[in-house]
$ cat work30.cif   # mmCIF, C-alpha atoms and all ligand atoms
data_target
#
loop_
_atom_site.label_atom_id
_atom_site.label_comp_id
_atom_site.auth_asym_id
_atom_site.auth_seq_id
_atom_site.Cartn_x
_atom_site.Cartn_y
_atom_site.Cartn_z
CA MET A 1203 1.18 -0.23 12.71
CA ALA A 1204 4.67 -0.34 11.12
CA PRO A 1205 7.63 -0.58 13.51
CA THR A 1206 9.67 2.60 13.74
CA ARG A 1207 13.26 3.01 12.50
CA PRO A 1208 15.92 0.80 14.23
CA ARG A 1209 17.74 2.58 17.05
CA ALA A 1210 21.52 2.63 17.23
CA GLY A 1211 22.52 -0.90 18.19
CA GLY A 1212 19.92 -2.50 15.92
CA ARG A 1213 16.98 -2.59 18.37
CA VAL A 1214 13.62 -1.76 16.86
CA LYS A 1215 11.47 0.45 19.03
CA PRO A 1216 8.09 -1.31 19.46
CA PRO A 1217 5.11 0.62 18.10
CA ARG A 1218 3.20 2.64 20.66
CA ARG A 1219 0.04 0.78 21.65
CA PRO A 1220 -3.02 2.74 20.56
CA PRO A 1221 -5.72 3.44 23.15
CA ALA A 1222 -8.32 0.68 23.58
CA TRP A 1223 -11.10 2.46 21.71
CA HIS A 1224 -8.79 3.01 18.75
CA ARG A 1225 -7.71 -0.60 18.28
CA GLY A 1226 -9.12 -2.72 15.52
CA TYR A 1227 -11.13 -0.27 13.51
CA ALA A 1228 -9.61 3.17 13.42
CA ALA A 1229 -6.28 2.47 11.76
CA SER A 1230 -7.34 4.01 8.46
CA ARG A 1231 -9.32 6.96 9.87
CA PRO A 1232 -7.92 7.75 13.32
CA VAL A 1233 -8.64 11.46 13.15
CA ALA A 1234 -12.28 11.06 12.13
CA TYR A 1235 -13.00 8.47 14.82
CA ALA A 1236 -11.10 10.43 17.44
CA SER A 1237 -13.42 13.37 16.85
CA ILE A 1238 -16.49 11.13 16.94
CA MET A 1239 -15.26 9.62 20.21
CA ALA A 1240 -14.79 13.10 21.64
CA ARG A 1241 -18.44 13.86 20.95
CA THR A 1242 -19.50 11.01 23.27
CA THR A 1243 -18.18 12.91 26.29
CA ALA A 1244 -18.07 16.62 25.49
CA ALA A 1245 -21.06 18.55 24.14
CA PRO A 1246 -21.53 21.87 22.37
CA ALA A 1247 -22.00 24.82 24.73
CA GLY A 1248 -25.20 24.63 26.75
CA LEU A 1249 -25.94 21.00 25.87
CA PRO A 1250 -25.63 18.07 28.29
CA ASP A 1251 -22.21 16.38 28.44
CA LEU A 1252 -21.38 12.88 29.68
CA THR A 1253 -21.20 13.86 33.35
CA ARG A 1254 -24.65 15.45 33.22
CA VAL A 1255 -26.23 12.63 31.23
CA GLU A 1256 -24.80 9.95 33.52
CA ALA A 1257 -25.94 11.86 36.61
CA THR A 1258 -29.47 12.21 35.21
CA LEU A 1259 -29.66 8.52 34.25
CA ARG A 1260 -28.44 7.57 37.72
CA ASP A 1261 -30.96 9.80 39.50
CA LEU A 1262 -33.84 8.91 37.25
CA PHE A 1263 -33.66 5.26 36.47
CA ILE A 1264 -30.86 3.63 38.39
CA ALA A 1265 -30.89 5.06 41.91
CA ALA A 1266 -34.66 4.61 41.84
CA GLU A 1267 -34.05 0.89 41.38
CA GLY A 1268 -31.43 0.91 44.17
CA ALA A 1269 -28.39 0.27 41.93
CA GLY A 1270 -25.45 2.14 40.33
CA LEU A 1271 -24.56 2.68 36.68
CA ARG A 1272 -23.74 -0.57 34.87
CA ASP A 1273 -21.42 -0.82 31.87
CA GLU A 1274 -24.43 -0.83 29.54
CA ASP A 1275 -25.74 2.37 31.17
CA ARG A 1276 -22.36 4.05 30.64
CA LYS A 1277 -22.43 3.00 26.98
CA LYS A 1278 -25.98 4.30 26.67
CA ALA A 1279 -24.85 7.63 28.15
CA ARG A 1280 -22.12 7.86 25.49
CA GLU A 1281 -24.77 7.42 22.80
CA LEU A 1282 -27.10 9.92 24.41
CA VAL A 1283 -24.57 12.79 24.53
CA PRO A 1284 -24.17 13.06 20.72
CA LEU A 1285 -27.80 12.09 20.06
CA LEU A 1286 -29.12 14.87 22.31
CA ALA A 1287 -26.86 17.28 20.42
CA GLU A 1288 -28.41 15.96 17.18
CA VAL A 1289 -31.90 16.48 18.63
CA ALA A 1290 -31.03 20.05 19.64
CA ARG A 1291 -29.64 20.75 16.16
CA ALA A 1292 -32.65 19.22 14.43
CA LEU A 1293 -35.07 21.31 16.49
CA GLY A 1294 -33.18 24.54 15.94
CA ALA A 1295 -32.07 27.21 18.34
CA ARG A 1296 -35.39 29.00 18.78
CA SER A 1297 -37.49 27.84 21.67
CA ARG A 1298 -40.94 27.39 20.15
CA PRO A 1299 -43.43 24.55 20.70
CA ARG A 1300 -42.17 21.33 19.13
CA LEU A 1301 -43.60 17.86 18.95
CA VAL A 1302 -41.07 15.05 19.28
CA VAL A 1303 -41.83 11.35 18.90
CA ASP A 1304 -39.49 8.94 20.71
CA ALA A 1305 -40.23 5.74 18.78
CA ALA A 1306 -39.47 2.26 20.19
CA SER A 1307 -38.58 4.36 23.17
CA GLY A 1308 -37.84 1.74 25.80
CA LYS A 1309 -37.69 3.77 29.03
CA SER A 1310 -37.59 6.89 26.83
CA TYR A 1311 -34.12 8.01 27.83
CA VAL A 1312 -33.96 10.15 24.67
CA GLY A 1313 -37.36 11.83 24.94
CA LEU A 1314 -37.15 12.45 28.67
CA LEU A 1315 -33.59 13.76 28.66
CA ALA A 1316 -34.40 16.01 25.70
CA ALA A 1317 -37.37 17.48 27.60
CA ALA A 1318 -35.39 17.87 30.81
CA LEU A 1319 -31.89 18.84 29.72
CA LEU A 1320 -32.01 20.67 26.38
CA PRO A 1321 -32.18 24.47 26.44
CA ALA A 1322 -35.38 24.33 24.35
CA GLY A 1323 -36.68 21.40 26.42
CA ASP A 1324 -39.42 23.46 28.07
CA ALA A 1325 -41.02 23.95 24.66
CA LEU A 1326 -41.07 20.25 23.80
CA ARG A 1327 -44.00 17.91 23.89
CA VAL A 1328 -42.80 14.31 23.75
CA VAL A 1329 -44.86 11.36 22.59
CA ALA A 1330 -43.10 8.07 23.29
CA ILE A 1331 -44.26 4.87 21.57
CA GLU A 1332 -43.29 1.60 23.24
CA ARG A 1333 -45.00 -1.78 23.26
CA GLU A 1334 -43.35 -3.30 26.35
CA PRO A 1335 -45.48 -2.46 29.44
CA ARG A 1336 -42.53 -2.68 31.88
CA HIS A 1337 -40.54 -0.04 29.94
CA ALA A 1338 -43.64 2.08 29.50
CA ARG A 1339 -44.21 2.08 33.27
CA ALA A 1340 -40.56 3.01 33.97
CA ALA A 1341 -40.76 5.90 31.48
CA ARG A 1342 -43.98 7.27 32.99
CA ASP A 1343 -42.54 7.06 36.53
CA ALA A 1344 -39.34 8.81 35.38
CA ALA A 1345 -41.34 11.58 33.67
CA ALA A 1346 -43.21 12.22 36.92
CA ARG A 1347 -39.95 12.29 38.93
CA LEU A 1348 -38.44 14.72 36.41
CA GLY A 1349 -41.44 17.01 36.59
CA VAL A 1350 -42.06 16.82 32.83
CA GLY A 1351 -45.16 14.61 33.11
CA GLY A 1352 -47.39 17.34 31.68
CA ARG A 1353 -45.33 17.44 28.46
CA PHE A 1354 -44.76 13.70 28.14
CA GLU A 1355 -47.14 11.00 27.07
CA LEU A 1356 -46.44 7.38 26.43
CA THR A 1357 -48.52 5.42 23.95
CA GLU A 1358 -48.27 1.72 24.68
CA ALA A 1359 -48.43 0.34 21.14
CA ASP A 1360 -46.55 -1.16 18.25
CA VAL A 1361 -44.67 1.47 16.22
CA GLY A 1362 -46.31 0.00 13.12
CA ASP A 1363 -49.76 1.04 14.38
CA PRO A 1364 -50.80 4.24 12.52
CA ALA A 1365 -53.15 5.17 15.37
CA ALA A 1366 -50.15 5.51 17.72
CA TRP A 1367 -48.64 8.34 15.67
CA PRO A 1368 -49.41 12.05 15.95
CA GLU A 1369 -49.70 13.95 12.67
CA ALA A 1370 -46.72 15.98 11.41
CA PRO A 1371 -44.28 15.72 14.33
CA ASP A 1372 -41.34 18.12 14.17
CA LEU A 1373 -38.95 15.29 14.93
CA VAL A 1374 -39.03 11.52 15.22
CA VAL A 1375 -36.09 10.04 17.07
CA ALA A 1376 -35.45 6.32 17.44
CA LEU A 1377 -32.39 4.97 19.21
CA HIS A 1378 -31.66 1.28 18.61
CA ALA A 1379 -34.95 0.44 17.01
CA CYS A 1380 -34.48 -3.30 16.72
CA GLY A 1381 -34.98 -5.32 13.55
CA PRO A 1382 -38.22 -4.54 11.73
CA ALA A 1383 -39.05 -1.68 14.15
CA SER A 1384 -36.67 0.55 12.15
CA ASP A 1385 -38.60 -0.14 8.95
CA ALA A 1386 -41.96 0.40 10.64
CA ILE A 1387 -40.65 3.72 12.00
CA ILE A 1388 -39.50 4.82 8.53
CA ALA A 1389 -42.92 3.89 7.10
CA ARG A 1390 -44.97 5.55 9.86
CA ALA A 1391 -42.77 8.66 10.29
CA THR A 1392 -42.86 9.40 6.57
CA ALA A 1393 -46.63 8.70 6.39
CA ALA A 1394 -47.15 11.09 9.34
CA ARG A 1395 -45.08 13.67 7.41
CA ALA A 1396 -42.49 14.08 10.14
CA ARG A 1397 -40.27 17.08 9.41
CA ARG A 1398 -37.15 15.26 10.53
CA LEU A 1399 -36.09 11.79 11.55
CA LEU A 1400 -33.05 10.69 13.55
CA LEU A 1401 -32.85 6.91 13.34
CA VAL A 1402 -30.24 4.57 14.78
CA PRO A 1403 -31.24 1.07 13.67
CA CYS A 1404 -30.22 -1.96 15.69
CA CYS A 1405 -29.82 -5.68 15.08
CA LEU A 1406 -30.81 -7.42 11.83
CA SER A 1407 -32.99 -10.50 11.77
CA ASP A 1408 -35.06 -12.47 9.29
CA ALA A 1409 -38.07 -10.48 10.52
CA VAL A 1410 -36.65 -7.56 8.50
CA GLU A 1411 -38.38 -7.78 5.13
CA ALA A 1412 -35.34 -6.53 3.20
CA MET A 1413 -33.38 -9.52 4.51
CA THR A 1414 -35.36 -11.82 2.22
CA ARG A 1415 -34.24 -9.71 -0.77
CA ALA A 1416 -30.67 -9.57 0.55
CA ARG A 1417 -30.52 -13.37 0.91
CA ALA A 1418 -31.90 -13.79 -2.61
CA ALA A 1419 -29.31 -11.37 -3.99
CA ALA A 1420 -26.55 -13.25 -2.15
CA ALA A 1421 -27.72 -16.52 -3.70
CA ARG A 1422 -27.91 -14.96 -7.19
CA LEU A 1423 -24.37 -13.63 -6.89
CA ALA A 1424 -23.07 -16.94 -5.47
CA LEU A 1425 -21.76 -15.01 -2.47
CA PRO A 1426 -19.45 -17.17 -0.34
CA GLU A 1427 -20.99 -18.68 2.80
CA GLN A 1428 -18.55 -17.17 5.31
CA ALA A 1429 -20.73 -15.52 7.90
CA GLU A 1430 -18.76 -12.28 8.27
CA VAL A 1431 -18.76 -11.69 4.50
CA ARG A 1432 -22.48 -12.40 4.29
CA ARG A 1433 -23.33 -10.25 7.33
CA ARG A 1434 -21.66 -7.19 5.80
CA PHE A 1435 -23.40 -7.78 2.48
CA TYR A 1436 -26.84 -8.16 4.08
CA GLN A 1437 -26.27 -5.09 6.23
CA ALA A 1438 -25.24 -3.00 3.22
CA LEU A 1439 -28.34 -3.99 1.26
CA VAL A 1440 -30.71 -3.38 4.17
CA ASP A 1441 -29.05 0.00 4.88
CA ALA A 1442 -29.27 0.93 1.19
CA GLU A 1443 -32.96 0.06 1.01
CA ARG A 1444 -33.76 2.11 4.14
CA THR A 1445 -31.89 5.09 2.71
CA LEU A 1446 -33.65 4.86 -0.65
CA ARG A 1447 -37.07 4.48 1.00
CA LEU A 1448 -36.52 7.72 2.92
CA GLU A 1449 -35.31 9.55 -0.18
CA ALA A 1450 -38.23 8.26 -2.21
CA ALA A 1451 -40.58 9.58 0.48
CA GLY A 1452 -39.23 13.10 -0.06
CA TYR A 1453 -36.41 13.29 2.47
CA ALA A 1454 -32.80 14.43 2.16
CA VAL A 1455 -30.75 11.81 3.96
CA GLU A 1456 -27.32 11.68 5.57
CA VAL A 1457 -25.87 8.54 7.12
CA VAL A 1458 -23.12 9.18 9.65
CA ALA A 1459 -21.40 7.47 12.56
CA LEU A 1460 -23.08 8.63 15.77
CA VAL A 1461 -20.47 6.95 17.99
CA PRO A 1462 -17.46 4.74 17.23
CA PRO A 1463 -18.27 1.04 16.76
CA THR A 1464 -16.51 0.22 20.03
CA VAL A 1465 -19.36 1.93 21.88
CA THR A 1466 -21.93 -0.07 19.89
CA PRO A 1467 -21.62 -1.99 16.61
CA HIS A 1468 -25.02 -0.48 15.69
CA ASN A 1469 -23.49 2.96 15.48
CA LEU A 1470 -24.93 4.54 12.33
CA LEU A 1471 -27.34 7.45 12.42
CA TRP A 1472 -29.81 8.19 9.59
CA ARG A 1473 -30.46 11.94 9.57
CA ALA A 1474 -33.46 12.64 7.36
CA ARG A 1475 -35.05 16.01 6.61
CA ARG A 1476 -38.27 16.37 4.62
CA VAL A 1477 -37.56 18.54 1.59
CA ASP A 1478 -40.42 17.58 -0.73
CA GLU A 1479 -38.60 18.44 -3.95
CA PRO A 1480 -40.62 16.67 -6.68
CA GLU A 1481 -37.73 16.10 -9.12
CA ARG A 1482 -35.40 14.81 -6.48
CA GLN A 1483 -38.16 12.57 -5.14
CA GLN A 1484 -38.96 11.16 -8.59
CA ARG A 1485 -35.30 10.31 -9.10
CA ALA A 1486 -35.23 8.58 -5.73
CA GLU A 1487 -38.43 6.65 -6.51
CA ALA A 1488 -36.84 5.45 -9.77
CA ASP A 1489 -33.65 4.45 -7.91
CA LEU A 1490 -35.68 2.55 -5.33
CA ALA A 1491 -37.65 0.74 -8.02
CA ARG A 1492 -34.41 -0.20 -9.77
CA PHE A 1493 -32.85 -1.32 -6.51
CA LEU A 1494 -35.85 -3.47 -5.60
CA GLY A 1495 -35.98 -4.89 -9.13
CA ALA A 1496 -32.31 -5.75 -8.99
CA GLY A 1497 -32.68 -7.27 -5.54
CA SER A 1498 -35.66 -9.50 -6.22
CA PRO A 1499 -35.09 -13.22 -6.78
C1 LIG B 1 -33.01 -1.86 22.08
S1 LIG B 1 -34.37 -1.12 22.86
C2 LIG B 1 -34.01 0.60 22.71
C3 LIG B 1 -34.83 1.43 23.65
C4 LIG B 1 -34.49 2.92 23.67
N1 LIG B 1 -34.79 3.55 22.41
C5 LIG B 1 -33.08 3.13 24.08
O1 LIG B 1 -32.21 3.32 23.23
O2 LIG B 1 -32.81 3.08 25.28
C6 LIG B 1 -35.65 -1.35 21.70
C7 LIG B 1 -37.02 -1.03 22.28
O3 LIG B 1 -37.94 -1.05 21.22
C8 LIG B 1 -39.10 -1.69 21.65
N2 LIG B 1 -39.72 -2.20 20.43
C9 LIG B 1 -39.22 -3.12 19.56
N3 LIG B 1 -40.05 -3.31 18.53
C10 LIG B 1 -41.11 -2.50 18.75
C11 LIG B 1 -42.31 -2.25 18.04
N4 LIG B 1 -42.56 -2.89 16.88
N5 LIG B 1 -43.17 -1.37 18.54
C12 LIG B 1 -42.92 -0.72 19.72
N6 LIG B 1 -41.81 -0.91 20.44
C13 LIG B 1 -40.91 -1.80 19.97
C14 LIG B 1 -38.64 -2.77 22.61
O4 LIG B 1 -39.68 -3.16 23.49
C15 LIG B 1 -37.51 -2.03 23.31
O5 LIG B 1 -37.97 -1.33 24.44
#

$ encode --input "work30.cif" --output "structure tokens" --more "lines below"
Ligand SMILES: C[S@@+](CC[C@H](N)C(=O)[O-])C[C@H]1O[C@@H](n2cnc3c(N)ncnc32)[C@H](O)[C@@H]1O
Amino acid sequence: MAPTRPRAGGRVKPPRRPPAWHRGYAASRPVAYASIMARTTAAPAGLPDLTRVEATLRDLFIAAEGAGLRDEDRKKARELVPLLAEVARALGARSRPRLVVDAASGKSYVGLLAAALLPAGDALRVVAIEREPRHARAARDAAARLGVGGRFELTEADVGDPAAWPEAPDLVVALHACGPASDAIIARATAARARRLLLVPCCLSDAVEAMTRARAAAARLALPEQAEVRRRFYQALVDAERTLRLEAAGYAVEVVALVPPTVTPHNLLWRARRVDEPERQQRAEADLARFLGAGSP
């Protein structure tokens, strides 16, 4: 931030220190990030805000384990407020029966809070898919405590297993689907002809298939070795491939910041809506083929 004009007497007034969440990333787009930050606490009318989400998490998962909210739970709550608003928007205002898949659900914070706290929650049936038995148990216990057990089922399976997926869900939501789980969710959700997908991918690793192509492209371009430069490049190529795969499967895709990167560095949301427009899809298929051709060693 540039220092302000010298005061009489030659002293330069020091720049005002920006708030902690603003520092380091928001200098070029303070207004946009300020509004994204606001969405992590406040919610549109009738939807759960931060106070309500934190209280529900505390009652459901934390108090039951005899503890209070930890920093990571507070961060999770800040992700859940805007994501639940996205879920509500994706499902529409009318309260009619909807099938929602919470994929790589962990304790199914998203699916359970959607069923319990959204105005149309009563009309939701939630299928959570999670492979870790401990999380699966916690989610089932929480569903019973919430009184939504009859509308919630948890399939203990890998998200890549086609048998775990119901046909034609109205919405697939996946918060922090780690590494290759994001790609498996894209593949299975599109194969199941999900109407909409809300995907927040998480960490990258060499288990992500697109990373092999990204590393090959980096070598071909003689990209410098500095880790931060490489990480951004790999991330951009993996993100691009995921976007193109969704478009080539017949979806209209938006990629937006769900929360500021100070809440989580894995802060991007893929909003995909099945449109099935043949021409658009053919263009996307051609783009994907070109992208994969360009990216191969
Ligand atoms: C970072 S946690 C996120 C959990 C939850 N969505 C949330 O945001 O609280 C990722 C979860 O995905 C699960 N997971 C990772 N890969 C998976 C896979 N291939 N199939 C099923 N579950 C998977 C992990 O066991 C873990 O519970």

$ residues_around --input "work30.cif" --residues "range 1374-1384 of chain A" --least-positions-apart "2" --cutoff "9 Å" --atoms "only C-alpha atoms" --output "ChimeraX atom specification"
/A:1281-1282,1285,1289,1301-1307,1312-1313,1360-1362,1371-1372,1386-1389,1391,1396-1411,1444,1468-1469,1471

$ residues_around --input "work30.cif" --residues "Glu1456 in chain A" --least-positions-apart "4" --cutoff "7 Å" --atoms "all atoms listed in the file" --output "PyMOL selection string"
chain A and resi 1472-1474

$ closest_residue --input "work30.cif" --among "A:Leu1286, A:Ala1338, A:Val1465, A:Leu1448" --to "Arg1390 in chain A" --atoms "only C-alpha atoms"
A:Leu1448

$ closest_residue --input "work30.cif" --among "A:Pro1480, A:Pro1364, A:Gly1323, A:Pro1467" --to "Tyr1453 in chain A" --atoms "all atoms listed in the file"
A:Pro1480

$ atom_distance --input "work30.cif" --atom1 "CA of Gly1270 in chain A" --atom2 "atom O2 of ligand LIG 1 (chain B)"
16.8 Å

$ closest_residue --input "work30.cif" --among "A:Glu1358, A:Asp1489, A:Glu1332, A:Asp1363" --to "ligand LIG 1 (chain B)" --atoms "all atoms listed in the file"
A:Glu1332

$ residues_around --input "work30.cif" --residues "Glu1479 in chain A" --least-positions-apart "3" --cutoff "12 Å" --atoms "all atoms listed in the file" --output "list in words"
Glu1449, Ala1450, Ala1451, Gly1452, Tyr1453, Ala1454, Arg1475, Arg1476, Arg1482, Gln1483, Gln1484, Arg1485 and Ala1486 of chain A

$ atom_distance --input "work30.cif" --atom1 "CA of Thr1464 in chain A" --atom2 "CA of Ala1247 in chain A"
25.6 Å

$ closest_residue --input "work30.cif" --among "A:Leu1494, A:Ala1394, A:Ala1419, A:Val1255" --to "Lys1278 in chain A" --atoms "all atoms listed in the file"
A:Val1255

$ closest_residue --input "work30.cif" --among "A:Leu1262, A:Ala1491, A:Ala1318, A:Ala1365" --to "Arg1347 in chain A" --atoms "only C-alpha atoms"
A:Leu1262

$ axis_aligned_box --input "work30.cif" --around "ligand LIG 1 (chain B)" --padding-each-side "6 Å" --output "lines of an AutoDock Vina configuration file"
center_x = -37.7
center_y = 0.1
center_z = 21.1
size_x = 23.0
size_y = 18.9
size_z = 20.4

$ closest_residue --input "work30.cif" --among "A:Asp1275, A:Glu1334, A:Glu1443, A:Glu1427" --to "ligand LIG 1 (chain B)" --atoms "all atoms listed in the file"
A:Glu1334

$ build_atoms --input "work30.cif" --residues "range 1404-1434 of chain A" --atoms "N, CA and C atoms" --output "short mmCIF file (atom, residue, chain, number, x, y, z; two decimals), in the coordinates of the input"
data_model
loop_
_atom_site.label_atom_id
_atom_site.label_comp_id
_atom_site.auth_asym_id
_atom_site.auth_seq_id
_atom_site.Cartn_x
_atom_site.Cartn_y
_atom_site.Cartn_z
N CYS A 1404 -30.95 -1.02 14.84
CA CYS A 1404 -30.22 -1.96 15.69
C CYS A 1404 -30.01 -3.27 14.93
N CYS A 1405 -30.16 -4.37 15.65
CA CYS A 1405 -29.82 -5.68 15.08
C CYS A 1405 -30.67 -6.04 13.85
N LEU A 1406 -30.09 -6.90 13.01
CA LEU A 1406 -30.81 -7.42 11.83
C LEU A 1406 -31.36 -8.80 12.18
N SER A 1407 -32.50 -9.12 11.61
CA SER A 1407 -32.99 -10.50 11.77
C SER A 1407 -33.83 -10.82 10.53
N ASP A 1408 -34.26 -12.09 10.45
CA ASP A 1408 -35.06 -12.47 9.29
C ASP A 1408 -36.45 -11.83 9.33
N ALA A 1409 -36.79 -11.20 10.47
CA ALA A 1409 -38.07 -10.48 10.52
C ALA A 1409 -38.00 -9.18 9.71
N VAL A 1410 -36.78 -8.76 9.34
CA VAL A 1410 -36.65 -7.56 8.50
C VAL A 1410 -36.92 -7.98 7.06
N GLU A 1411 -37.93 -7.36 6.47
CA GLU A 1411 -38.38 -7.78 5.13
C GLU A 1411 -37.25 -7.73 4.10
N ALA A 1412 -36.42 -6.69 4.19
CA ALA A 1412 -35.34 -6.53 3.20
C ALA A 1412 -34.33 -7.67 3.27
N MET A 1413 -34.32 -8.40 4.39
CA MET A 1413 -33.38 -9.52 4.51
C MET A 1413 -33.70 -10.62 3.50
N THR A 1414 -34.98 -10.80 3.20
CA THR A 1414 -35.36 -11.82 2.22
C THR A 1414 -34.74 -11.46 0.87
N ARG A 1415 -34.83 -10.16 0.52
CA ARG A 1415 -34.24 -9.71 -0.77
C ARG A 1415 -32.73 -9.82 -0.72
N ALA A 1416 -32.14 -9.51 0.44
CA ALA A 1416 -30.67 -9.57 0.55
C ALA A 1416 -30.19 -11.01 0.40
N ARG A 1417 -30.92 -11.95 1.03
CA ARG A 1417 -30.52 -13.37 0.91
C ARG A 1417 -30.65 -13.84 -0.54
N ALA A 1418 -31.70 -13.39 -1.21
CA ALA A 1418 -31.90 -13.79 -2.61
C ALA A 1418 -30.77 -13.23 -3.48
N ALA A 1419 -30.40 -11.98 -3.21
CA ALA A 1419 -29.31 -11.37 -3.99
C ALA A 1419 -28.01 -12.11 -3.74
N ALA A 1420 -27.77 -12.51 -2.49
CA ALA A 1420 -26.55 -13.25 -2.15
C ALA A 1420 -26.51 -14.58 -2.91
N ALA A 1421 -27.66 -15.24 -2.99
CA ALA A 1421 -27.72 -16.52 -3.70
C ALA A 1421 -27.45 -16.30 -5.19
N ARG A 1422 -28.07 -15.23 -5.75
CA ARG A 1422 -27.91 -14.96 -7.19
C ARG A 1422 -26.45 -14.67 -7.55
N LEU A 1423 -25.76 -14.00 -6.62
CA LEU A 1423 -24.37 -13.63 -6.89
C LEU A 1423 -23.39 -14.72 -6.48
N ALA A 1424 -23.92 -15.85 -5.98
CA ALA A 1424 -23.07 -16.94 -5.47
C ALA A 1424 -22.09 -16.40 -4.43
N LEU A 1425 -22.61 -15.58 -3.52
CA LEU A 1425 -21.76 -15.01 -2.47
C LEU A 1425 -21.22 -16.15 -1.60
N PRO A 1426 -19.97 -16.09 -1.20
CA PRO A 1426 -19.45 -17.17 -0.34
C PRO A 1426 -20.22 -17.24 0.98
N GLU A 1427 -20.16 -18.42 1.61
CA GLU A 1427 -20.99 -18.68 2.80
C GLU A 1427 -20.43 -18.07 4.07
N GLN A 1428 -19.15 -17.64 4.06
CA GLN A 1428 -18.55 -17.17 5.31
C GLN A 1428 -19.41 -16.09 5.95
N ALA A 1429 -19.72 -16.33 7.23
CA ALA A 1429 -20.73 -15.52 7.90
C ALA A 1429 -20.38 -14.03 7.92
N GLU A 1430 -19.12 -13.70 8.16
CA GLU A 1430 -18.76 -12.28 8.27
C GLU A 1430 -18.89 -11.56 6.93
N VAL A 1431 -18.60 -12.29 5.84
CA VAL A 1431 -18.76 -11.69 4.50
C VAL A 1431 -20.24 -11.46 4.24
N ARG A 1432 -21.03 -12.50 4.53
CA ARG A 1432 -22.48 -12.40 4.29
C ARG A 1432 -23.10 -11.30 5.14
N ARG A 1433 -22.70 -11.22 6.43
CA ARG A 1433 -23.33 -10.25 7.33
C ARG A 1433 -23.14 -8.83 6.79
N ARG A 1434 -21.92 -8.54 6.33
CA ARG A 1434 -21.66 -7.19 5.80
C ARG A 1434 -22.50 -6.90 4.55
#
